[in-house]
Amino acid sequence: MNRRTLLVLGMVAGAASAATVAQETAVRILPGVHVLAAPDETPAVTVTWYGVTTLLFDDGDTQILVDGFVSRPRFEDLDSLAEPDMSRINAMVGSGAFGRVAMITPVHSHFDHAMDVGAVAMATGATVVGSESTANIARGAGVDEARIVVVEERHRQQFGKFAVGLIRSAHAPLVNDGPPIPGTIDAPLTPPARIGDWKEGGSYTIVVEHPAGTALIQGSAGYVEGRLAGTPADVVYLGIGGLGSLGKDHAAAYFEEIVGPTGAQCVVPIHWDDFTLPFGEIAWRGSIYDVEWLHEFAAGQVPAPGLAMLPFGEAVDAFRGCGPS
Ligand SMILES: [Zn+2]
């Protein structure tokens, strides 16, 4: 089996043939995990995955966007210059995909999550919520201060029928027990900028609540012990980037700390694809062990959640990924 099977879907969401190919490929690269399919009836809230941890929640009136990273710049190293791809962002807004974004929040301020936050906010009028570093990305793009909310430890805010919460968490400890590209962005960041200028700036767990259900999003495979006590959710979108390299003990503790307190009936791995590839090209970047571990960790929970995967660019039920409840 070729784990790096390359899949080119292009930008068009919902194309039946592309979705079918996506599902077949996803099953090959994450064995034993079923792929969510578009339901027959439109659910109350959909989620659409655009790679890495970019997730668009939509209840038909209001859209909540996590990351909004669609530029996917080519780069050599941390000194490479990058800037938002305005033609792609404008296309996403113009097609309606990002047509009603009320709020955008990145899981942290690294480029593969936050580099488009300010540009998308400018194109949509969305409010940007996140760390001071995220605020400086928004300021650098020209976002008005009235549409920037800086979060320290915890924040919860209503947007339409959604209540979106941010809870300070930790990045995956991938370098010297800390994040790669550590530190904060201390002044407005105006692209083009170095890839390494998008510093981590603090990581957050994001909780998307709606009368139809609750989703918890953990973008990076780190945790703060006990931080999510009393945080129920129907579905956990779980970042597994680098999980294999962090070892099984860390992975088990991560699953226990993030999924355990939620009582979720479904866990959906995200941040498993190669973010150095152009938008729409999805290839498995992790290790096969990550997925085998997830099966084992899920089986250890009471009740045991199911595992599911998101297809690229296709709106699926945001809160019932593992089937009707
Ligand atoms: Zn990161």
# chains A, B, ... in the order shown; residues from 1 in each chain; ligands from 1
call {"tool": "closest_atom_pairs", "arguments": {"of": "segment 190-261 of chain A", "to": "segment 62-74 of chain A", "cutoff": "9 Å", "atoms": "only C-alpha atoms", "output": "Markdown table"}}
result
| residue | atom | partner | partner_atom | distance |
| --- | --- | --- | --- | --- |
| A:Ile206 | CA | A:Val66 | CA | 8.4 |
| A:Val208 | CA | A:Ile64 | CA | 8.3 |
| A:Ile217 | CA | A:Val66 | CA | 8.7 |
call {"tool": "select_by_dssp", "arguments": {"residues": "segment 29-265 of chain A", "states": "strand (DSSP E)", "output": "JSON, numbers by chain"}}
result
{"A": [34, 35, 46, 47, 48, 49, 55, 56, 57, 58, 63, 64, 65, 66, 81, 82, 101, 102, 103, 104, 105, 127, 128, 129, 130, 148, 149, 150, 154, 155, 156, 157, 158, 159, 162, 163, 164, 165, 166, 167, 168, 193, 194, 204, 205, 206, 207, 208, 209, 210, 213, 214, 215, 216, 217, 218, 235, 236, 237, 238, 239]}
call {"tool": "residues_around", "arguments": {"residues": "segment 78-80 of chain A", "least_positions_apart": "4", "cutoff": "9 Å", "atoms": "only C-alpha atoms", "output": "ChimeraX atom specification"}}
result
/A:74,181,193-197
call {"tool": "write_last_selection", "arguments": {"atoms": "C-alpha atoms", "output": "mmCIF file, in the first residue's frame"}}
result
data_model
loop_
_atom_site.group_PDB
_atom_site.id
_atom_site.type_symbol
_atom_site.label_atom_id
_atom_site.label_comp_id
_atom_site.auth_asym_id
_atom_site.auth_seq_id
_atom_site.Cartn_x
_atom_site.Cartn_y
_atom_site.Cartn_z
ATOM 1 C CA ARG A 74 5.202 26.520 -1.218
ATOM 2 C CA ILE A 181 8.545 28.169 16.061
ATOM 3 C CA ALA A 193 6.544 37.493 5.920
ATOM 4 C CA ARG A 194 8.903 34.663 6.766
ATOM 5 C CA ILE A 195 7.221 31.334 7.483
ATOM 6 C CA GLY A 196 9.068 31.499 10.810
ATOM 7 C CA ASP A 197 7.417 34.837 11.653
#
call {"tool": "residues_around", "arguments": {"residues": "Pro182 of chain A", "least_positions_apart": "6", "cutoff": "8 Å", "atoms": "only C-alpha atoms", "output": "number ranges by chain"}}
result
A: 199-201
call {"tool": "residues_near_ligand", "arguments": {"ligand": "ligand 1", "cutoff": "10 Å", "atoms": "only C-alpha atoms and all ligand atoms", "output": "list in words"}}
result
Val107, His108, Ser109, His110, Phe111, Asp112, His113, Ala114, Ala170, His171, Ala172, Pro173, Leu174, Pro179, Pro180, Ile181, Pro182, Trp198, Lys199, Glu200, Gly201, Gly202, Ser203, Gly219, Ser220, Ala221, Gly241 and His271 of chain A
call {"tool": "write_last_selection", "arguments": {"atoms": "C-alpha atoms", "output": "PDB file, in the first residue's frame"}}
result
ATOM      1  CA  VAL A 107      -6.017  26.888  16.930  1.00  0.00           C
ATOM      2  CA  HIS A 108      -2.723  28.800  17.294  1.00  0.00           C
ATOM      3  CA  SER A 109      -0.698  31.284  15.259  1.00  0.00           C
ATOM      4  CA  HIS A 110       1.640  29.067  13.214  1.00  0.00           C
ATOM      5  CA  PHE A 111       1.373  29.718   9.477  1.00  0.00           C
ATOM      6  CA  ASP A 112      -0.345  26.402   8.742  1.00  0.00           C
ATOM      7  CA  HIS A 113      -3.290  27.573  10.836  1.00  0.00           C
ATOM      8  CA  ALA A 114      -3.300  31.354  11.064  1.00  0.00           C
ATOM      9  CA  ALA A 170      -0.772  23.537  24.824  1.00  0.00           C
ATOM     10  CA  HIS A 171       0.900  22.895  21.480  1.00  0.00           C
ATOM     11  CA  ALA A 172       2.315  19.460  20.720  1.00  0.00           C
ATOM     12  CA  PRO A 173       5.741  19.396  22.441  1.00  0.00           C
ATOM     13  CA  LEU A 174       7.625  18.592  19.242  1.00  0.00           C
ATOM     14  CA  PRO A 179       6.311  23.985  20.130  1.00  0.00           C
ATOM     15  CA  PRO A 180       8.330  24.454  16.963  1.00  0.00           C
ATOM     16  CA  ILE A 181       8.545  28.169  16.061  1.00  0.00           C
ATOM     17  CA  PRO A 182       7.922  29.198  19.681  1.00  0.00           C
ATOM     18  CA  TRP A 198       4.109  33.122  12.363  1.00  0.00           C
ATOM     19  CA  LYS A 199       5.059  32.157  15.907  1.00  0.00           C
ATOM     20  CA  GLU A 200       2.917  29.861  17.993  1.00  0.00           C
ATOM     21  CA  GLY A 201       1.564  32.532  20.317  1.00  0.00           C
ATOM     22  CA  GLY A 202      -0.467  30.195  22.539  1.00  0.00           C
ATOM     23  CA  SER A 203      -2.689  27.253  21.592  1.00  0.00           C
ATOM     24  CA  GLY A 219      -5.686  21.353  16.644  1.00  0.00           C
ATOM     25  CA  SER A 220      -2.340  20.417  18.110  1.00  0.00           C
ATOM     26  CA  ALA A 221      -1.422  17.274  20.032  1.00  0.00           C
ATOM     27  CA  GLY A 241      -0.022  15.849  13.703  1.00  0.00           C
ATOM     28  CA  HIS A 271      -4.083  17.509  10.935  1.00  0.00           C
TER      29      HIS A 271
END
call {"tool": "residues_around", "arguments": {"residues": "segment 246-255 of chain A", "least_positions_apart": "2", "cutoff": "8 Å", "atoms": "only C-alpha atoms", "output": "number ranges by chain"}}
result
A: 173-174, 221-223, 242-244, 257-260, 293, 297
call {"tool": "write_last_selection", "arguments": {"atoms": "N, CA and C atoms", "output": "mmCIF file, in the first residue's frame"}}
result
data_model
loop_
_atom_site.group_PDB
_atom_site.id
_atom_site.type_symbol
_atom_site.label_atom_id
_atom_site.label_comp_id
_atom_site.auth_asym_id
_atom_site.auth_seq_id
_atom_site.Cartn_x
_atom_site.Cartn_y
_atom_site.Cartn_z
ATOM 1 N N PRO A 173 4.346 19.108 22.037
ATOM 2 C CA PRO A 173 5.741 19.396 22.441
ATOM 3 C C PRO A 173 6.745 18.731 21.509
ATOM 4 N N LEU A 174 6.852 19.256 20.296
ATOM 5 C CA LEU A 174 7.625 18.592 19.242
ATOM 6 C C LEU A 174 9.111 18.936 19.270
ATOM 7 N N ALA A 221 -1.412 18.426 19.118
ATOM 8 C CA ALA A 221 -1.422 17.274 20.032
ATOM 9 C C ALA A 221 -0.718 17.558 21.354
ATOM 10 N N GLY A 222 -1.160 18.623 22.029
ATOM 11 C CA GLY A 222 -0.692 18.925 23.375
ATOM 12 C C GLY A 222 -1.882 19.051 24.302
ATOM 13 N N TYR A 223 -1.614 19.139 25.599
ATOM 14 C CA TYR A 223 -2.718 19.250 26.563
ATOM 15 C C TYR A 223 -2.205 19.884 27.849
ATOM 16 N N GLY A 242 2.084 14.793 14.215
ATOM 17 C CA GLY A 242 3.271 14.506 15.016
ATOM 18 C C GLY A 242 3.052 13.534 16.150
ATOM 19 N N LEU A 243 1.848 12.989 16.263
ATOM 20 C CA LEU A 243 1.544 12.134 17.414
ATOM 21 C C LEU A 243 2.458 10.914 17.475
ATOM 22 N N GLY A 244 2.742 10.336 16.305
ATOM 23 C CA GLY A 244 3.613 9.167 16.282
ATOM 24 C C GLY A 244 4.983 9.471 16.851
ATOM 25 N N GLU A 257 -6.772 13.121 28.071
ATOM 26 C CA GLU A 257 -7.013 14.497 28.526
ATOM 27 C C GLU A 257 -7.976 15.266 27.612
ATOM 28 N N ILE A 258 -7.933 14.967 26.335
ATOM 29 C CA ILE A 258 -8.766 15.734 25.394
ATOM 30 C C ILE A 258 -10.104 15.055 25.160
ATOM 31 N N VAL A 259 -10.094 13.771 24.890
ATOM 32 C CA VAL A 259 -11.348 13.068 24.570
ATOM 33 C C VAL A 259 -12.070 12.647 25.847
ATOM 34 N N GLY A 260 -11.323 12.166 26.840
ATOM 35 C CA GLY A 260 -11.909 11.607 28.052
ATOM 36 C C GLY A 260 -12.982 12.479 28.691
ATOM 37 N N TRP A 293 -3.077 3.292 17.266
ATOM 38 C CA TRP A 293 -3.190 3.758 18.656
ATOM 39 C C TRP A 293 -4.582 4.311 18.921
ATOM 40 N N PHE A 297 -6.933 3.468 22.006
ATOM 41 C CA PHE A 297 -7.319 4.451 23.022
ATOM 42 C C PHE A 297 -8.840 4.595 23.087
#
call {"tool": "residues_around", "arguments": {"residues": "Pro269 of chain A", "least_positions_apart": "6", "cutoff": "7 Å", "atoms": "only C-alpha atoms", "output": "mmCIF file with N, CA and C atoms, in the first residue's frame"}}
result
data_model
loop_
_atom_site.group_PDB
_atom_site.id
_atom_site.type_symbol
_atom_site.label_atom_id
_atom_site.label_comp_id
_atom_site.auth_asym_id
_atom_site.auth_seq_id
_atom_site.Cartn_x
_atom_site.Cartn_y
_atom_site.Cartn_z
ATOM 1 N N TYR A 237 -12.874 16.760 17.290
ATOM 2 C CA TYR A 237 -11.993 16.827 16.123
ATOM 3 C C TYR A 237 -10.580 16.907 16.672
ATOM 4 N N LEU A 238 -9.835 15.824 16.509
ATOM 5 C CA LEU A 238 -8.597 15.616 17.260
ATOM 6 C C LEU A 238 -7.364 15.729 16.363
ATOM 7 N N GLY A 239 -6.547 16.732 16.614
ATOM 8 C CA GLY A 239 -5.310 16.900 15.854
ATOM 9 C C GLY A 239 -4.320 15.795 16.188
ATOM 10 N N ILE A 240 -3.847 15.099 15.166
ATOM 11 C CA ILE A 240 -2.897 14.007 15.412
ATOM 12 C C ILE A 240 -1.556 14.273 14.745
ATOM 13 N N MET A 309 -13.609 9.841 9.670
ATOM 14 C CA MET A 309 -12.766 10.796 8.954
ATOM 15 C C MET A 309 -13.601 11.735 8.123
#
